[in-house]
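Containing compact mmCIF, C-alpha atoms and all ligand atoms: protein-v4.txt.
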# COMPACT_ATOMS: atom_id res chain seq x y z
CA MET A 17 0.00 0.00 0.00
CA GLU A 18 1.36 3.40 -0.95
CA ASN A 19 1.65 6.25 1.52
CA ILE A 20 -1.65 8.01 1.45
CA VAL A 21 -2.93 10.97 3.39
CA GLU A 22 -6.53 11.81 4.24
CA MET A 23 -7.71 15.06 2.63
CA ILE A 24 -11.44 15.05 3.40
CA SER A 25 -12.76 12.90 6.23
CA GLN A 26 -15.70 10.53 6.09
CA ARG A 27 -17.52 12.77 8.55
CA ASP A 28 -16.96 15.97 6.53
CA LEU A 29 -18.08 14.19 3.36
CA ALA A 30 -21.27 12.97 5.02
CA GLY A 31 -22.08 16.44 6.37
CA ARG A 32 -21.50 18.22 3.08
CA VAL A 33 -23.37 15.62 1.03
CA GLU A 34 -26.40 16.07 3.27
CA GLU A 35 -26.20 19.85 2.81
CA LEU A 36 -26.08 19.47 -0.97
CA ALA A 37 -29.13 17.20 -0.84
CA LYS A 38 -31.02 19.78 1.22
CA GLN A 39 -30.18 22.44 -1.33
CA LEU A 40 -31.39 20.21 -4.19
CA ASN A 41 -34.57 19.34 -2.24
CA ALA A 42 -35.30 23.05 -1.86
CA ASP A 43 -34.36 24.11 -5.41
CA PHE A 44 -36.37 21.35 -7.14
CA GLU A 45 -39.31 21.20 -4.75
CA GLY A 46 -42.40 19.73 -6.42
CA GLN A 47 -40.49 18.78 -9.58
CA GLN A 48 -39.61 15.47 -11.20
CA VAL A 49 -35.88 15.19 -11.77
CA VAL A 50 -33.64 12.77 -13.66
CA PHE A 51 -30.36 12.21 -11.81
CA VAL A 52 -27.59 11.22 -14.23
CA CYS A 53 -24.60 9.61 -12.50
CA LEU A 54 -21.29 9.70 -14.37
CA LEU A 55 -19.65 6.28 -14.07
CA LYS A 56 -17.64 5.11 -12.39
CA GLY A 57 -16.35 7.79 -10.05
CA ALA A 58 -19.65 9.37 -8.99
CA VAL A 59 -21.29 6.11 -7.85
CA VAL A 60 -20.45 6.49 -4.15
CA PHE A 61 -21.33 10.20 -4.09
CA MET A 62 -24.69 9.64 -5.78
CA ALA A 63 -25.51 6.67 -3.57
CA ASP A 64 -25.02 8.79 -0.44
CA LEU A 65 -26.60 11.93 -1.91
CA MET A 66 -29.78 10.31 -3.19
CA ARG A 67 -30.61 8.77 0.15
CA HIS A 68 -31.24 12.31 1.43
CA ILE A 69 -33.30 13.33 -1.61
CA LYS A 70 -37.03 13.73 -1.05
CA LEU A 71 -37.86 14.65 -4.65
CA ASP A 72 -39.53 12.49 -7.29
CA ILE A 73 -36.34 11.24 -8.98
CA THR A 74 -35.30 8.59 -11.46
CA THR A 75 -31.67 7.58 -11.89
CA GLU A 76 -29.64 7.07 -15.03
CA TYR A 77 -25.99 6.18 -15.62
CA MET A 78 -23.61 7.40 -18.28
CA GLU A 79 -19.95 6.56 -18.80
CA ILE A 80 -17.31 8.82 -20.23
CA ALA A 81 -13.68 7.89 -20.74
CA SER A 82 -11.45 10.93 -20.43
CA TYR A 83 -8.42 9.92 -18.43
CA SER A 84 -5.61 7.47 -18.82
CA SER A 85 -3.83 7.00 -15.50
CA ASN A 86 -3.35 10.37 -13.77
CA GLN A 87 -2.87 12.44 -16.91
CA SER A 88 -5.65 13.92 -18.98
CA THR A 89 -5.36 12.56 -22.51
CA GLY A 90 -7.55 15.37 -23.80
CA GLU A 91 -9.59 12.72 -25.56
CA ILE A 92 -13.14 12.18 -24.47
CA GLN A 93 -15.28 9.26 -25.48
CA LEU A 94 -18.83 8.20 -24.70
CA LYS A 95 -18.70 4.62 -23.41
CA LYS A 96 -22.30 4.28 -22.23
CA ASP A 97 -25.27 6.55 -22.89
CA ILE A 98 -28.31 7.07 -20.68
CA GLY A 99 -31.25 4.77 -21.39
CA VAL A 100 -34.25 7.10 -21.29
CA ASP A 101 -35.68 10.03 -23.20
CA ILE A 102 -34.89 13.25 -21.31
CA ALA A 103 -36.74 15.61 -23.67
CA ASP A 104 -38.42 18.33 -21.58
CA LYS A 105 -37.11 16.77 -18.36
CA ASP A 106 -35.13 18.50 -15.62
CA VAL A 107 -31.77 16.81 -15.31
CA VAL A 108 -29.15 16.91 -12.57
CA VAL A 109 -25.79 15.43 -13.56
CA ILE A 110 -23.86 13.97 -10.63
CA GLU A 111 -20.07 13.97 -11.04
CA ASP A 112 -17.16 13.16 -8.74
CA ILE A 113 -14.71 15.91 -9.73
CA ILE A 114 -14.25 18.74 -12.22
CA ASP A 115 -10.69 19.50 -13.26
CA THR A 116 -10.10 21.01 -16.74
CA GLY A 117 -13.87 21.00 -17.32
CA ALA A 118 -13.56 19.11 -20.62
CA THR A 119 -15.61 16.14 -19.42
CA LEU A 120 -18.60 18.21 -18.31
CA LYS A 121 -18.38 20.29 -21.49
CA PHE A 122 -18.67 17.07 -23.51
CA VAL A 123 -21.51 15.78 -21.32
CA ASP A 124 -23.38 19.07 -21.61
CA LYS A 125 -23.19 19.09 -25.40
CA HIS A 126 -24.25 15.44 -25.55
CA LEU A 127 -27.22 15.80 -23.19
CA MET A 128 -28.38 19.22 -24.44
CA ALA A 129 -28.82 17.65 -27.90
CA LYS A 130 -31.56 15.47 -26.34
CA GLY A 131 -33.68 18.56 -25.58
CA PRO A 132 -34.03 18.54 -21.78
CA ALA A 133 -35.89 21.36 -20.02
CA SER A 134 -32.80 22.06 -17.92
CA ILE A 135 -29.47 20.57 -16.89
CA LYS A 136 -27.69 21.37 -13.62
CA TYR A 137 -24.31 20.01 -12.54
CA CYS A 138 -23.68 18.72 -9.03
CA VAL A 139 -20.02 17.96 -8.44
CA LEU A 140 -18.45 16.69 -5.23
CA LEU A 141 -14.97 18.15 -5.80
CA ASP A 142 -13.83 21.21 -7.73
CA ASN A 143 -10.14 21.53 -8.66
CA PRO A 144 -10.35 24.95 -10.38
CA VAL A 145 -6.65 25.57 -11.12
CA ARG A 146 -6.54 23.85 -14.53
CA ARG A 147 -10.03 24.89 -15.73
CA GLN A 148 -10.11 25.56 -19.48
CA GLU A 149 -11.75 28.57 -21.09
CA GLY A 150 -15.34 28.17 -22.17
CA CYS A 151 -16.03 25.36 -19.72
CA LEU A 152 -19.08 25.48 -17.53
CA ASN A 153 -18.92 25.81 -13.79
CA PRO A 154 -20.97 23.43 -11.64
CA HIS A 155 -24.18 24.72 -10.05
CA TYR A 156 -23.57 22.66 -6.90
CA THR A 157 -20.10 21.95 -5.48
CA GLY A 158 -19.18 19.95 -2.38
CA PHE A 159 -15.58 21.04 -1.80
CA THR A 160 -13.02 23.16 -3.64
CA ILE A 161 -9.65 21.40 -3.47
CA PRO A 162 -6.02 22.31 -4.24
CA ASN A 163 -4.44 21.06 -7.47
CA ARG A 164 -3.57 17.51 -6.41
CA TYR A 165 -4.58 14.10 -7.66
CA VAL A 166 -7.16 12.72 -5.23
CA PHE A 167 -8.90 9.37 -4.86
CA GLY A 168 -11.20 7.40 -2.60
CA TYR A 169 -14.96 7.81 -2.05
CA GLY A 170 -15.55 6.50 -5.58
CA LEU A 171 -12.54 8.12 -7.27
CA ASP A 172 -9.71 5.90 -8.41
CA HIS A 173 -5.95 5.95 -8.54
CA ASP A 174 -5.01 3.64 -11.42
CA GLY A 175 -8.31 1.84 -10.99
CA LYS A 176 -7.82 1.26 -7.28
CA TYR A 177 -8.85 2.78 -3.92
CA ARG A 178 -12.46 3.57 -4.93
CA GLN A 179 -13.65 1.88 -1.73
CA LEU A 180 -11.89 4.25 0.67
CA PRO A 181 -14.55 5.99 2.78
CA TYR A 182 -12.62 9.30 2.68
CA ILE A 183 -10.88 11.44 0.03
CA ALA A 184 -7.14 10.82 -0.04
CA ALA A 185 -4.00 12.02 -1.81
CA LEU A 186 -0.52 10.58 -2.09
CA THR A 187 2.01 11.89 0.38
CA VAL A 188 4.54 14.12 -1.35
P1 LIG A 201 -11.80 17.05 -16.52
O1 LIG A 201 -12.41 16.57 -17.81
O2 LIG A 201 -10.39 17.50 -16.72
O3 LIG A 201 -12.65 18.09 -15.82
O4 LIG A 201 -11.66 15.80 -15.58
C1 LIG A 201 -12.74 15.22 -14.95
C2 LIG A 201 -12.66 13.73 -14.93
O5 LIG A 201 -11.32 13.28 -14.75
C3 LIG A 201 -13.45 13.17 -13.77
O6 LIG A 201 -14.62 12.58 -14.26
C4 LIG A 201 -12.54 12.12 -13.18
O7 LIG A 201 -12.90 10.87 -13.72
C5 LIG A 201 -11.18 12.44 -13.66
N1 LIG A 201 -10.35 13.12 -12.64
C6 LIG A 201 -9.91 14.40 -12.67
N2 LIG A 201 -9.14 14.70 -11.61
C7 LIG A 201 -9.11 13.57 -10.87
C8 LIG A 201 -8.49 13.24 -9.60
O8 LIG A 201 -7.80 14.04 -8.92
N3 LIG A 201 -8.70 11.98 -9.16
C9 LIG A 201 -9.44 11.06 -9.83
N4 LIG A 201 -10.03 11.33 -11.00
C10 LIG A 201 -9.87 12.57 -11.52
MG MG A 202 -14.81 10.58 -14.61
Show the structure stored in the file as structure tokens.
Ligand code: IMP
Ligand code: MG
Amino acid sequence: MENIVEMISQRDLAGRVEELAKQLNADFEGQQVVFVCLLKGAVVFMADLMRHIKLDITTEYMEIASYSSNQSTGEIQLKKDIGVDIADKDVVVIEDIIDTGATLKFVDKHLMAKGPASIKYCVLLDNPVRRQEGCLNPHYTGFTIPNRYVFGYGLDHDGKYRQLPYIAALTV
């Protein structure tokens, strides 16, 4: 096992996730919403978030490949599309982390073409340092983090560590 350091504790994650859910419950009160989880990283976040959601939601899953190892390849590919018609629906995309913003830009273009009534982005972690021009900013953000590679709580490091209950980084 490599030397890893805790960056965001299990307790802080739980508290913030509940706050985000409360905000979504208030903002979408009385509405039907389609939650779109971006595989695989956002699985743990969405699982915890949706258990605090009191809205009329359905859940969909979409997979984007944008990273090889720890370096952005700049290439984005759709690996799995959502399975329902979202025309005229209100959509909330659930993502683990935004870095350059290229992934969410791709997702936005792809989903907007399906004619939803609205799309909002709910992202657990925001690493704003490397954000590219013309990229959207998330409507809901859990934590803003420094420019380090992080993993755990669904996020991977070379495919591993997704099961850690906290957000970690490598010791430098
Ligand atoms: P972006 O397209 O540069 O915004 O990168 C976002 C995507 O890259 C996320 O969906 C993650 O899968 C992955 N990613 C970016 N930074 C990290 C990180 O620090 N740890 C794990 N995955 C990351
Ligand atoms: Mg991802």
*Show me which residues sit within 7 Å of ligand MG 202 (chain A) when counting all atoms listed in the file, and put them as a list in words.*
Leu54, Leu55, Lys56, Gly57, Ile80, Ala81, Ser82 and Asp112 of chain A
Could you dump the residues just selected with C-alpha atoms as a short mmCIF file (atom, residue, chain, number, x, y, z; two decimals), in the frame of the given file?
data_model
loop_
_atom_site.label_atom_id
_atom_site.label_comp_id
_atom_site.auth_asym_id
_atom_site.auth_seq_id
_atom_site.Cartn_x
_atom_site.Cartn_y
_atom_site.Cartn_z
CA LEU A 54 -21.29 9.70 -14.37
CA LEU A 55 -19.65 6.28 -14.07
CA LYS A 56 -17.64 5.11 -12.39
CA GLY A 57 -16.35 7.79 -10.05
CA ILE A 80 -17.31 8.82 -20.23
CA ALA A 81 -13.68 7.89 -20.74
CA SER A 82 -11.45 10.93 -20.43
CA ASP A 112 -17.16 13.16 -8.74
#
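Using only C-alpha atoms, every residue with an atom at most 9 Å from the point (-6.0, 11.6, 0.3) is listed here: A:Ile20, A:Val21, A:Glu22, A:Met23, A:Ile24, A:Tyr165, A:Val166, A:Phe167, A:Gly168, A:Tyr182, A:Ile183, A:Ala184, A:Ala185, A:Leu186, A:Thr187.
Considering the residues A:Val60, A:Val52, A:Leu141, A:Leu180 and counting only C-alpha atoms and all ligand atoms, ligand LIG 201 (chain A) has its shortest atom-to-atom contact with A:Leu141.
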*asked:* With only C-alpha atoms as the counted atoms, please give the residues lying no more than 10 Å from range 90-95 of chain A, apart from itself and same-chain residues fewer than 5 positions off, as a ChimeraX atom specification.
replied: /A:55,78-84,116,118-119,122-123,126
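Atom to atom, CA of Glu45 in chain A and CA of Leu71 in chain A stand 6.7 Å apart.
The interatomic distance for the pair CA of Ile113 in chain A and CA of Gln47 in chain A works out to 25.9 Å.
When CA of Asn153 in chain A is paired with atom C2 of ligand LIG 201 (chain A), their separation reads 13.7 Å.
Considering all atoms listed in the file, the residue among A:Asp97, A:Asp104, A:Glu34, A:Asp124 positioned nearest to Lys70 in chain A is A:Glu34.
Compared by their closest atoms to ligand LIG 201 (chain A), and using only C-alpha atoms and all ligand atoms, the residues A:Ile102, A:Leu29, A:Ile73, A:Ile161 rank with A:Ile161 nearest.
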Centre, edges in Å (one decimal): axis-aligned box, ligand LIG 201 (chain A), 3 Å padding on all six sides, as AutoDock Vina command-line options:
--center_x -11.2 --center_y 14.5 --center_z -13.4 --size_x 12.8 --size_y 13.2 --size_z 14.9
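Closest approach to Lys121 in chain A from the set A:Ile98, A:Ala133, A:Val145, A:Cys151 is made by A:Cys151, with distances taken over all atoms listed in the file.
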_When you look at Val107 in chain A with a cut-off of 8 Å (counting only C-alpha atoms), what residues show up, excluding the ones that are within fewer than 2 positions of it in the same chain? I need them as JSON, numbers by chain._
{"A": [49, 50, 51, 52, 102, 105, 109, 132, 133, 134, 135, 136]}
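Of the residues under consideration (A:Gly46, A:Gly31, A:Pro144, A:Gly131), A:Pro144 shows the shortest atom-to-atom contact distance to ligand LIG 201 (chain A) when counting only C-alpha atoms and all ligand atoms.
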*Could you name the residues that touch Val139 in chain A at 7 Å or less, counting all atoms listed in the file, but leaving out those on the same chain fewer than 4 positions away, as an NGL selection string?*
:A and (110-114 or 154 or 156-158)
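Of the residues under consideration (A:Gln48, A:Gln148, A:Thr75, A:Gln179), A:Gln148 shows the shortest atom-to-atom contact distance to ligand LIG 201 (chain A) when counting all atoms listed in the file.
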